[in-house]
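Structure data follow from upload.txt (compact mmCIF, C-alpha atoms and all ligand atoms):
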```
# COMPACT_ATOMS: atom_id res chain seq x y z
CA MET A 172 60.69 129.51 118.93
CA SER A 173 59.86 131.53 122.00
CA ASP A 174 58.56 135.09 122.20
CA GLY A 175 60.47 137.89 120.61
CA THR A 176 60.99 136.18 117.27
CA GLN A 177 59.39 137.29 114.03
CA THR A 178 59.26 135.62 110.68
CA GLU A 179 59.41 137.54 107.44
CA LEU A 180 55.72 136.75 107.17
CA GLN A 181 54.89 138.13 110.60
CA ARG A 182 56.74 141.18 111.81
CA GLY A 183 54.34 142.44 114.48
CA GLU A 184 55.18 143.21 118.09
CA PRO A 185 55.71 140.18 120.33
CA ARG A 186 52.37 139.07 121.69
CA ARG A 187 53.29 138.52 125.31
CA ASP A 188 55.11 140.64 127.83
CA PRO A 189 58.31 138.71 128.62
CA LYS A 190 58.26 140.08 132.17
CA ARG A 191 55.09 138.06 132.81
CA ARG A 192 57.08 134.85 132.52
CA LYS A 193 57.84 133.10 135.78
CA PRO A 194 61.61 133.00 136.30
CA MET A 195 63.50 129.94 137.51
CA VAL A 196 64.04 130.10 141.27
CA GLY A 197 66.82 132.59 141.96
CA LEU A 198 67.00 133.77 138.33
CA GLN A 199 65.54 137.09 137.33
CA PRO A 200 64.68 138.09 133.76
CA GLU A 201 66.49 141.03 132.24
CA GLY A 202 65.25 144.45 133.27
CA ASP A 203 65.79 147.54 131.09
CA VAL A 204 69.05 147.01 129.30
CA ASP A 205 71.18 148.79 126.78
CA TRP A 206 71.20 146.28 123.93
CA SER A 207 74.08 148.11 122.24
CA SER A 208 76.45 146.77 124.87
CA TYR A 209 75.82 143.24 123.53
CA ARG A 210 78.64 142.26 121.21
CA GLY A 211 80.13 139.11 119.77
CA VAL A 212 78.97 135.71 118.58
CA LEU A 213 78.96 133.00 121.26
CA VAL A 214 79.03 129.30 120.37
CA VAL A 215 78.16 126.88 123.17
CA VAL A 216 80.49 123.90 122.78
CA GLU A 217 78.71 120.61 123.43
CA GLN A 218 80.74 117.70 124.76
CA ARG A 219 80.29 114.33 126.36
CA ALA A 220 83.05 112.78 128.49
CA GLY A 221 85.47 115.42 127.25
CA VAL A 222 84.81 114.76 123.55
CA ALA A 223 83.27 117.64 121.61
CA LYS A 224 80.35 117.11 119.27
CA PRO A 225 81.44 117.93 115.69
CA VAL A 226 78.52 120.38 115.41
CA SER A 227 80.34 122.62 117.91
CA TRP A 228 83.30 123.08 115.57
CA GLN A 229 80.94 123.45 112.60
CA LEU A 230 79.16 126.26 114.44
CA LEU A 231 82.48 127.91 115.25
CA GLY A 232 83.21 127.86 111.50
CA GLU A 233 79.91 129.58 110.71
CA GLY A 234 80.21 131.81 113.80
CA ARG A 235 83.61 133.00 112.54
CA ARG A 236 81.98 134.15 109.30
CA LEU A 237 79.20 135.99 111.15
CA ALA A 238 81.61 137.56 113.66
CA ASP A 239 83.88 138.81 110.87
CA LYS A 240 80.86 140.32 109.12
CA LEU A 241 79.88 142.06 112.37
CA ASP A 242 83.49 143.03 113.11
CA ALA A 243 82.97 141.38 116.50
CA PRO A 244 84.79 138.66 118.44
CA LEU A 245 83.95 134.98 118.14
CA LEU A 246 83.36 133.57 121.62
CA ALA A 247 82.98 130.00 122.85
CA LEU A 248 81.60 128.59 126.07
CA VAL A 249 82.99 125.27 127.26
CA MET A 250 81.23 123.61 130.22
CA GLY A 251 81.94 120.22 131.77
CA HIS A 252 84.42 118.41 134.01
CA GLN A 253 88.08 118.11 132.96
CA VAL A 254 87.39 119.89 129.70
CA ALA A 255 90.15 122.53 129.65
CA HIS A 256 91.58 120.89 126.50
CA LEU A 257 88.35 121.76 124.69
CA ALA A 258 88.90 125.47 125.39
CA GLU A 259 92.24 125.17 123.55
CA GLU A 260 90.52 123.24 120.77
CA ALA A 261 87.86 125.93 120.41
CA ILE A 262 90.61 128.46 119.72
CA CYS A 263 92.15 126.11 117.13
CA TYR A 264 88.71 126.02 115.44
CA GLY A 265 88.32 129.80 115.27
CA ALA A 266 87.33 131.25 118.67
CA ASP A 267 88.96 134.49 119.83
CA ARG A 268 87.93 134.07 123.46
CA VAL A 269 86.71 131.04 125.39
CA TYR A 270 84.76 131.04 128.65
CA LEU A 271 85.65 127.87 130.51
CA CYS A 272 83.57 126.52 133.37
CA ASP A 273 85.14 123.30 134.64
CA SER A 274 83.51 121.69 137.65
CA PRO A 275 82.61 118.16 138.87
CA GLU A 276 78.96 119.33 139.04
CA LEU A 277 79.07 119.73 135.26
CA ARG A 278 80.41 116.22 134.53
CA ASP A 279 77.04 115.06 133.14
CA TYR A 280 74.60 117.28 131.30
CA ARG A 281 71.69 118.44 133.45
CA THR A 282 69.46 121.32 132.43
CA ARG A 283 69.58 123.44 135.57
CA PRO A 284 73.32 123.55 136.34
CA TYR A 285 74.20 124.05 132.67
CA SER A 286 71.51 126.75 132.28
CA ARG A 287 72.82 128.50 135.37
CA VAL A 288 76.34 128.74 133.95
CA CYS A 289 75.10 129.75 130.49
CA LEU A 290 72.86 132.46 131.88
CA HIS A 291 75.68 133.80 134.02
CA VAL A 292 78.05 133.98 131.05
CA ILE A 293 75.45 135.58 128.77
CA ARG A 294 74.40 138.16 131.35
CA THR A 295 77.98 138.99 132.30
CA PHE A 296 79.68 139.04 128.90
CA LYS A 297 76.65 140.02 126.77
CA PRO A 298 77.09 138.31 123.37
CA GLU A 299 74.71 139.62 120.69
CA ILE A 300 74.26 136.14 119.15
CA VAL A 301 74.26 132.73 120.84
CA LEU A 302 74.48 129.53 118.76
CA MET A 303 74.08 125.90 119.83
CA GLY A 304 73.80 122.57 118.03
CA ALA A 305 70.25 121.36 117.39
CA THR A 306 71.07 118.16 119.28
CA TYR A 307 68.96 116.77 122.14
CA THR A 308 71.17 118.63 124.61
CA GLY A 309 71.37 121.83 122.58
CA ARG A 310 67.61 121.97 122.12
CA ASP A 311 67.01 121.45 125.82
CA LEU A 312 69.59 124.00 126.93
CA ALA A 313 68.72 126.66 124.34
CA GLY A 314 65.01 126.47 125.23
CA ALA A 315 65.72 126.82 128.94
CA ILE A 316 68.01 129.80 128.43
CA ALA A 317 65.80 131.63 125.96
CA THR A 318 62.89 131.32 128.38
CA HIS A 319 64.77 132.66 131.35
CA LEU A 320 66.59 135.54 129.71
CA PRO A 321 63.98 135.96 128.06
CA THR A 322 64.67 136.26 124.36
CA GLY A 323 63.74 134.69 121.02
CA LEU A 324 65.10 131.38 119.81
CA THR A 325 65.04 129.96 116.30
CA ALA A 326 65.28 126.19 116.49
CA ASP A 327 66.87 123.92 113.89
CA SER A 328 68.32 126.57 111.58
CA THR A 329 69.84 125.50 108.29
CA MET A 330 71.10 128.94 107.17
CA LEU A 331 72.49 131.84 109.19
CA ASP A 332 73.42 135.38 108.26
CA VAL A 333 73.45 138.92 109.68
CA ASP A 334 72.09 142.12 108.17
CA GLU A 335 73.29 145.73 108.28
CA ASP A 336 71.37 146.30 111.55
CA ARG A 337 73.33 143.46 113.19
CA LEU A 338 70.20 141.31 113.21
CA LEU A 339 70.62 137.56 112.99
CA LEU A 340 68.77 136.05 110.02
CA ALA A 341 68.12 132.47 111.02
CA SER A 342 66.44 130.41 108.31
CA ARG A 343 64.78 127.05 108.70
CA PRO A 344 62.30 124.91 106.80
CA ALA A 345 58.71 125.69 107.80
CA PHE A 346 55.14 124.65 106.96
CA SER A 347 55.87 120.93 106.56
CA GLU A 348 59.21 121.78 104.98
CA LYS A 349 57.49 123.41 102.00
CA MET A 350 59.12 126.80 102.49
CA LEU A 351 62.12 128.39 104.13
CA ALA A 352 61.28 130.96 106.84
CA THR A 353 63.82 133.57 107.89
CA ILE A 354 63.30 134.46 111.54
CA LEU A 355 64.49 137.62 113.26
CA CYS A 356 64.59 138.60 116.91
CA LYS A 357 64.38 142.39 116.92
CA GLN A 358 63.43 143.27 120.49
CA PHE A 359 65.74 141.20 122.64
CA LYS A 360 69.35 140.21 123.00
CA PRO A 361 71.05 137.90 122.63
CA GLN A 362 69.56 136.57 119.42
CA MET A 363 69.61 132.79 119.73
CA ALA A 364 69.52 129.91 117.30
CA THR A 365 70.17 126.20 117.29
CA ALA A 366 71.55 124.77 114.07
CA ARG A 367 71.49 121.31 112.55
CA ALA A 368 74.62 119.21 112.64
CA GLY A 369 76.30 118.70 109.30
CA VAL A 370 74.96 121.86 107.69
CA PHE A 371 77.89 124.17 108.37
CA GLU A 372 81.55 123.54 107.75
CA ALA A 373 84.20 123.60 110.45
CA LEU A 374 87.35 125.58 109.72
CA PRO A 375 90.50 123.50 109.31
CA ARG A 376 91.98 122.98 112.79
CA ASP A 377 94.78 125.53 113.22
CA PRO A 378 96.99 124.82 116.27
CA SER A 379 98.92 128.06 115.68
CA ARG A 380 95.86 130.22 116.49
CA THR A 381 95.98 132.12 119.76
CA GLY A 382 93.13 133.33 121.94
CA GLU A 383 92.09 134.19 125.45
CA ILE A 384 90.66 131.69 127.96
CA ILE A 385 88.58 133.14 130.80
CA THR A 386 87.79 130.83 133.70
CA VAL A 387 84.23 131.16 134.93
CA PRO A 388 83.37 130.00 138.48
CA PRO A 389 80.45 127.53 138.47
CA GLN A 390 78.38 129.26 141.21
CA ILE A 391 75.73 126.53 141.10
CA PRO A 392 73.43 126.69 144.13
CA PRO A 393 72.43 123.35 145.75
CA GLU A 394 68.79 123.77 144.65
CA ASP A 395 69.94 123.54 141.02
CA ILE A 396 71.34 120.05 141.63
CA ALA A 397 67.94 118.41 141.75
CA THR A 398 68.93 115.28 139.83
CA GLU A 399 71.85 112.91 139.97
CA VAL A 400 73.12 110.88 137.02
CA LEU A 401 73.78 107.38 138.37
CA GLU A 402 74.87 105.70 135.18
CA PHE A 403 75.08 106.46 131.49
CA ILE A 404 73.94 103.61 129.27
CA ALA A 405 74.50 104.21 125.57
CA ALA A 406 71.59 103.11 123.39
CA THR A 407 72.83 100.19 121.31
CA ASP A 408 70.32 100.76 118.51
CA ARG A 409 71.27 104.39 118.03
CA VAL A 410 71.97 105.51 114.46
CA ASN A 411 74.47 108.32 114.51
CA LEU A 412 74.16 109.54 110.95
CA ALA A 413 75.14 113.12 111.77
CA GLU A 414 78.58 112.11 113.02
CA ALA A 415 79.24 109.14 110.72
CA GLU A 416 82.28 109.34 108.45
CA VAL A 417 80.95 106.69 106.06
CA ILE A 418 77.29 106.27 105.12
CA VAL A 419 75.95 103.57 102.82
CA ALA A 420 72.46 104.74 101.88
CA GLY A 421 69.80 102.88 99.97
CA GLY A 422 66.56 103.88 98.29
CA ARG A 423 63.54 102.50 96.54
CA GLY A 424 65.83 100.83 94.00
CA LEU A 425 66.62 98.20 96.66
CA GLY A 426 63.22 96.72 95.95
CA GLY A 427 62.50 95.65 99.54
CA PRO A 428 63.77 95.58 103.12
CA ALA A 429 65.98 92.48 102.67
CA ALA A 430 68.50 94.33 100.50
CA PHE A 431 69.37 96.62 103.42
CA ALA A 432 71.28 93.62 104.90
CA MET A 433 73.52 93.80 101.83
CA LEU A 434 74.12 97.51 102.46
CA LYS A 435 74.87 96.80 106.14
CA GLU A 436 77.61 94.38 105.06
CA LEU A 437 79.26 97.08 102.98
CA ALA A 438 78.80 99.63 105.79
CA ASP A 439 80.37 97.23 108.32
CA ALA A 440 83.30 96.54 106.01
CA LEU A 441 83.92 100.30 105.75
CA GLY A 442 83.22 101.07 109.42
CA GLY A 443 80.15 103.09 108.47
CA VAL A 444 76.41 103.20 109.06
CA VAL A 445 73.37 102.58 106.87
CA GLY A 446 71.31 105.50 105.58
CA ALA A 447 68.11 105.59 103.55
CA SER A 448 65.95 107.73 101.33
CA ARG A 449 62.49 108.74 102.50
CA ALA A 450 60.90 106.46 99.91
CA ALA A 451 62.54 103.44 101.58
CA VAL A 452 61.48 104.69 105.01
CA ASP A 453 57.91 105.43 103.92
CA LEU A 454 57.65 101.93 102.47
CA GLY A 455 58.53 100.58 105.92
CA TRP A 456 61.77 98.95 104.76
CA ILE A 457 63.91 100.69 107.36
CA ASP A 458 63.43 102.88 110.44
CA HIS A 459 63.08 106.68 110.11
CA ARG A 460 66.25 107.15 112.20
CA HIS A 461 68.19 106.12 109.06
CA GLN A 462 66.58 108.74 106.82
CA VAL A 463 68.85 111.29 105.17
CA GLY A 464 67.48 114.53 103.77
CA GLN A 465 65.28 117.50 104.36
CA THR A 466 62.94 115.68 106.75
CA GLY A 467 65.63 113.30 107.95
CA THR A 468 69.18 113.94 109.08
CA THR A 469 71.59 116.32 107.37
CA VAL A 470 74.92 114.55 107.00
CA ARG A 471 78.50 115.52 106.18
CA PRO A 472 80.44 112.24 105.96
CA LYS A 473 83.77 111.68 104.25
CA LEU A 474 82.17 109.02 102.04
CA TYR A 475 78.51 108.67 100.99
CA PHE A 476 77.14 105.82 98.90
CA ALA A 477 73.78 106.60 97.24
CA ILE A 478 72.52 103.19 96.11
CA GLY A 479 69.26 102.90 94.20
CA ILE A 480 68.50 106.52 95.07
CA SER A 481 67.35 108.80 92.25
CA GLY A 482 68.64 112.10 93.73
CA ALA A 483 65.48 114.04 94.53
CA VAL A 484 66.20 117.55 95.81
CA GLN A 485 64.85 116.70 99.28
CA HIS A 486 67.39 113.89 99.55
CA VAL A 487 70.28 115.81 98.01
CA VAL A 488 69.88 118.76 100.37
CA GLY A 489 70.73 116.44 103.25
CA MET A 490 73.88 114.81 101.81
CA GLN A 491 75.36 117.14 99.19
CA ASN A 492 78.10 118.27 101.59
CA ALA A 493 79.64 114.81 101.77
CA GLU A 494 83.32 114.92 100.83
CA CYS A 495 82.96 112.06 98.34
CA ILE A 496 79.70 110.79 96.86
CA ILE A 497 79.52 107.48 95.02
CA ALA A 498 76.23 106.84 93.23
CA ILE A 499 75.09 103.43 92.01
CA ASN A 500 72.03 103.51 89.76
CA LYS A 501 70.86 101.57 86.71
CA ASP A 502 69.48 104.75 85.12
CA PRO A 503 72.32 106.81 83.56
CA ALA A 504 70.02 109.86 83.57
CA ALA A 505 69.33 109.69 87.33
CA PRO A 506 69.82 113.18 88.85
CA ILE A 507 72.06 111.75 91.60
CA PHE A 508 74.86 111.49 89.00
CA GLN A 509 74.87 115.30 88.71
CA ILE A 510 76.24 115.68 92.23
CA ALA A 511 78.15 112.38 92.54
CA HIS A 512 81.94 112.45 92.42
CA TYR A 513 81.91 108.87 91.10
CA GLY A 514 78.99 107.25 89.31
CA ILE A 515 78.48 103.55 88.61
CA VAL A 516 75.73 102.76 86.13
CA GLY A 517 74.40 99.25 86.63
CA ASP A 518 72.46 96.82 88.78
CA LEU A 519 73.08 97.46 92.47
CA PHE A 520 72.60 93.77 93.28
CA GLN A 521 75.72 92.96 91.27
CA ILE A 522 77.77 96.01 92.13
CA VAL A 523 77.35 96.28 95.93
CA PRO A 524 78.48 92.70 96.80
CA ALA A 525 81.48 93.14 94.48
CA ILE A 526 82.53 96.35 96.30
CA THR A 527 82.07 94.71 99.72
CA GLU A 528 84.22 91.78 98.64
CA ALA A 529 86.92 94.12 97.31
CA VAL A 530 86.94 96.14 100.56
CA ARG A 531 87.22 92.97 102.66
CA ALA A 532 90.00 91.62 100.43
CA ARG A 533 91.94 94.87 100.84
CA LYS A 534 91.65 94.67 104.62
CA ALA A 535 92.62 90.99 104.84
P1 LIG A 601 63.10 106.82 93.59
O1 LIG A 601 63.01 108.26 93.24
O2 LIG A 601 61.99 105.95 93.22
O3 LIG A 601 64.46 106.29 92.97
C1 LIG A 601 64.83 104.94 92.93
C2 LIG A 601 66.06 104.83 92.07
O4 LIG A 601 66.56 103.50 92.11
C3 LIG A 601 65.81 105.16 90.60
O5 LIG A 601 66.71 106.19 90.21
C4 LIG A 601 66.12 103.85 89.85
O6 LIG A 601 66.74 104.07 88.62
C5 LIG A 601 67.07 103.17 90.84
N1 LIG A 601 67.06 101.71 90.70
C6 LIG A 601 65.99 100.86 90.67
N2 LIG A 601 66.38 99.59 90.61
C7 LIG A 601 67.75 99.61 90.61
C8 LIG A 601 68.75 98.60 90.54
N3 LIG A 601 68.44 97.28 90.52
N4 LIG A 601 70.05 98.99 90.53
C9 LIG A 601 70.39 100.28 90.56
N5 LIG A 601 69.48 101.29 90.62
C10 LIG A 601 68.18 100.95 90.65
N6 LIG A 601 63.38 112.16 100.42
C11 LIG A 601 64.49 111.80 101.11
O7 LIG A 601 65.25 110.93 100.70
N7 LIG A 601 64.76 112.45 102.31
C12 LIG A 601 63.97 113.41 102.84
O8 LIG A 601 64.29 113.91 103.93
C13 LIG A 601 62.81 113.80 102.08
N8 LIG A 601 62.02 114.79 102.55
C14 LIG A 601 60.93 115.17 101.80
C15 LIG A 601 60.15 116.25 102.22
C16 LIG A 601 59.07 116.66 101.47
C17 LIG A 601 58.24 117.84 101.95
C18 LIG A 601 58.76 115.98 100.26
C19 LIG A 601 57.59 116.45 99.40
C20 LIG A 601 59.52 114.92 99.83
C21 LIG A 601 60.61 114.48 100.60
N9 LIG A 601 61.40 113.40 100.18
C22 LIG A 601 62.53 113.11 100.88
C23 LIG A 601 61.00 112.51 99.06
C24 LIG A 601 61.73 112.81 97.74
O9 LIG A 601 61.04 113.78 97.03
C25 LIG A 601 61.80 111.52 96.89
O10 LIG A 601 60.51 111.03 96.68
C26 LIG A 601 62.65 110.40 97.50
O11 LIG A 601 63.91 110.90 97.90
C27 LIG A 601 62.86 109.31 96.46
O12 LIG A 601 63.52 108.23 97.05
P2 LIG A 601 64.37 107.22 96.15
O13 LIG A 601 65.44 107.98 95.44
O14 LIG A 601 64.80 106.12 97.04
O15 LIG A 601 63.30 106.61 95.17
```

Could you rewrite the structure in this file as C-alpha cells?
Amino acid sequence: MSDGTQTELQRGEPRRDPKRRKPMVGLQPEGDVDWSSYRGVLVVVEQRAGVAKPVSWQLLGEGRRLADKLDAPLLALVMGHQVAHLAEEAICYGADRVYLCDSPELRDYRTRPYSRVCLHVIRTFKPEIVLMGATYTGRDLAGAIATHLPTGLTADSTMLDVDEDRLLLASRPAFSEKMLATILCKQFKPQMATARAGVFEALPRDPSRTGEIITVPPQIPPEDIATEVLEFIAATDRVNLAEAEVIVAGGRGLGGPAAFAMLKELADALGGVVGASRAAVDLGWIDHRHQVGQTGTTVRPKLYFAIGISGAVQHVVGMQNAECIIAINKDPAAPIFQIAHYGIVGDLFQIVPAITEAVRARKA
C-alpha cells in the first residue's frame, strides 16, 4: 500500500506529504482538488493479445455491486491494440461506460505507456474508485499509478465494500494471513485496490446491455517508449490455476510426490491442471505454484477435485467458489465433505485411476 491508506488499526494522518514525491517526467501530482467531483467505479480491463483476463470481468461484477450501492456509474478502461471488441464485452459484463484507448504503442504491456493512459483517464474523468486485478500486470500498473497521482492503494484485496461516506473498504489478509485488515483511503481520490483473481464473480454475459464507448487518444510522448518488446515467449512451466476450468488437487493423503503423477494423468484427461494443499507443498512433494488456498492461489474452476485433502479452512477459502467440487477421502468425517457437491469415501489410489480410465473411455 502507498501513502494515504489507513487500516482499522491505524487511522492517523498519512505520514508523508504526497507532494514531496518525485513525479514521473512530464507528470505532475494532483494539486488542490475538489474530491466531490470524483464519481464512479472504474475497472481497468487487463488483456493480452486481445483476450481479456477473467479477473477483469470478475471485477466488473463486483464493481457493478459497488457502483449500484453508490448510485454511480460503472466504468471500464480498455487499453491495447485492436481491442475495440473488449469495450463491447465490458458492457456485456456490466459496464455503463467504457474508455477505449486503442493504439499500436499499447500492443504489449509496458509500465510507462499504460500508466500514461491510465493517469490521463483518471485525471480527466475522475472515478472515485479504481480496481485492477492483482496479477503481475495489475500490480505493476496500480503501483505506478497510485504513486504518481498520488493516492492510496490496497493490494491483493479479497473483500470490497463501500460505506455511507462513499469510502472504499478494501479487506485483505494481513500479519502472515492471521487476520483480515480493512483498509481505507480517506484523504485522496481515487481510492484504489487490486483484487485477487477468482474471488469475485462475473455477471452472466448479457449481449443485450447497452452502454457508451468513449475513445481516448493515446497521447504517449516518445520518452515514455523507453523499452521495446521484441518477442513474447510463454513460460512452459507456468501453472495457471487462477484461470483453469478443471483442477485436480492433491493433499497429504497422497503419501508422497509420486502420486502427483497419477493426478496429472486425470488432469490431462480432463484438460485441467494439478493443484495441491499447503501440506503437500510444505512436504516438498510439489512446487508452491500449485498451492490452492489462503496463502496460495484463489481459484474458481468449473470442476475441482480435492483428493486426499482434509478440508482445512485455509484450503477451503481458496476453492469454495468452484462450480462443482468432488472430494475423495477415506475418512467419511473429513470436513471437505461439508462443502463438496459429490463425495467419494474410499482409497484414492483405487478411485483416481478408475476415474481417469472412465474419462479416457468416454473420450475414445
Ligand atoms: P491433512 O489435513 O493431513 O489431510 C489429509 C487427508 O487425506 C485426510 O483427510 C485423510 O483422511 C486423507 N487421506 C489419507 N490417506 C488417504 C487415502 N489413501 N485415500 C483417501 N484419502 C486419504 N493449506 C492449504 O491447503 N492452502 C493454504 O493456502 C494454506 N494456508 C495456510 C495459512 C496459514 C496461516 C495456516 C496456519 C495454515 C495454512 N494452510 C493452508 C494449512 C492448513 O491449515 C492445513 O494444514 C492443510 O490444508 C492440510 O493439508 P491436507 O488436507 O493435504 O492434509

Item to complete: Collect all residues with atoms no farther than 7 Å from ligand LIG 601 (chain A), counting all atoms listed in the file, and output them as a ChimeraX atom specification.
Response: /A:347-349,421-426,447-451,462-467,478-486,489,499-502,505,517-520

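Note that CA of Val419 in chain A and CA of Val516 in chain A are 16.7 Å apart.
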
Discussion item. For a test of reading the model, state the distance in Å between CA of Leu271 in chain A and CA of Leu248 in chain A, rounded to one decimal.
Written reply: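 Between these atoms lies a distance of 6.1 Å.
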
Item to complete: Using all atoms listed in the file, pick whichever of A:Leu277, A:Leu474, A:Ile354, A:Val226 has the shortest atom-to-atom distance to Gly251 in chain A.
Response: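 Among the listed residues, the smallest separation from Gly251 in chain A belongs to A:Leu277.
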
Discussion item. One decimal, in Å: what's the spacing between CA of Arg343 in chain A and CA of Tyr280 in chain A?
Written reply: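 Result for CA of Arg343 in chain A versus CA of Tyr280 in chain A: 26.5 Å, one decimal.
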
Practice prompt. Would you mind listing what lies within 9 Å of Ala511 in chain A as a list in words, with all atoms listed in the file counted and same-chain residues fewer than 2 positions away left out?
Written response: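 The residues that qualify are Ala477, Gln491, Cys495, Ile496, Ile497, Ala498, Ile507, Phe508, Gln509, Tyr513 and Gly514 of chain A.
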
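Near Thr325 in chain A, within a cut-off of 7 Å and counting only C-alpha atoms, sit the residues Met172, Gly323, Asp327, Ser328, Ala341, Ile354, Met363, Ala364 and Thr365 of chain A, with same-chain residues fewer than 2 positions away left out.
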
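Remark: for Ile316 in chain A, the closest of the candidate residues A:Ala420, A:Ala352, A:Ala525, A:Val292 is A:Val292 (distances computed over only C-alpha atoms).
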
Worksheet item: Once you count all atoms listed in the file, which residues end up no further than 10 Å from (57.9, 98.7, 106.8) in the file's frame, shown as a PyMOL selection string?
Response: chain A and resi 427-428+451-458

Discussion item. Could you check which residues have any atom within 9 Å of (70.1, 141.1, 116.4), counting all atoms listed in the file with coordinates taken straight from the file, and then list them as a ChimeraX atom specification?
Written reply: /A:299-300,333-334,336-340,355-363

Discussion item. Between A:Thr386, A:Thr329, A:Ser379, A:Thr322, which residue has the minimum interatomic distance to Ala255 in chain A, considering all atoms listed in the file?
Written reply: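 Going through A:Thr386, A:Thr329, A:Ser379, A:Thr322 one by one, the smallest distance to Ala255 in chain A is for A:Thr386.
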
Which residues are close to Val410 in chain A, i.e. within 9 Å by all atoms listed in the file, leaving aside same-chain residues fewer than 6 positions away? Reply as an mmCIF file with C-alpha atoms, in the frame of the given file.
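After the write, out-v2.cif holds the following:
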```cif
data_model
loop_
_atom_site.group_PDB
_atom_site.id
_atom_site.type_symbol
_atom_site.label_atom_id
_atom_site.label_comp_id
_atom_site.auth_asym_id
_atom_site.auth_seq_id
_atom_site.Cartn_x
_atom_site.Cartn_y
_atom_site.Cartn_z
ATOM 1 C CA VAL A 444 76.410 103.200 109.060
ATOM 2 C CA VAL A 445 73.370 102.580 106.870
ATOM 3 C CA GLY A 446 71.310 105.500 105.580
ATOM 4 C CA ARG A 460 66.250 107.150 112.200
ATOM 5 C CA HIS A 461 68.190 106.120 109.060
#
```
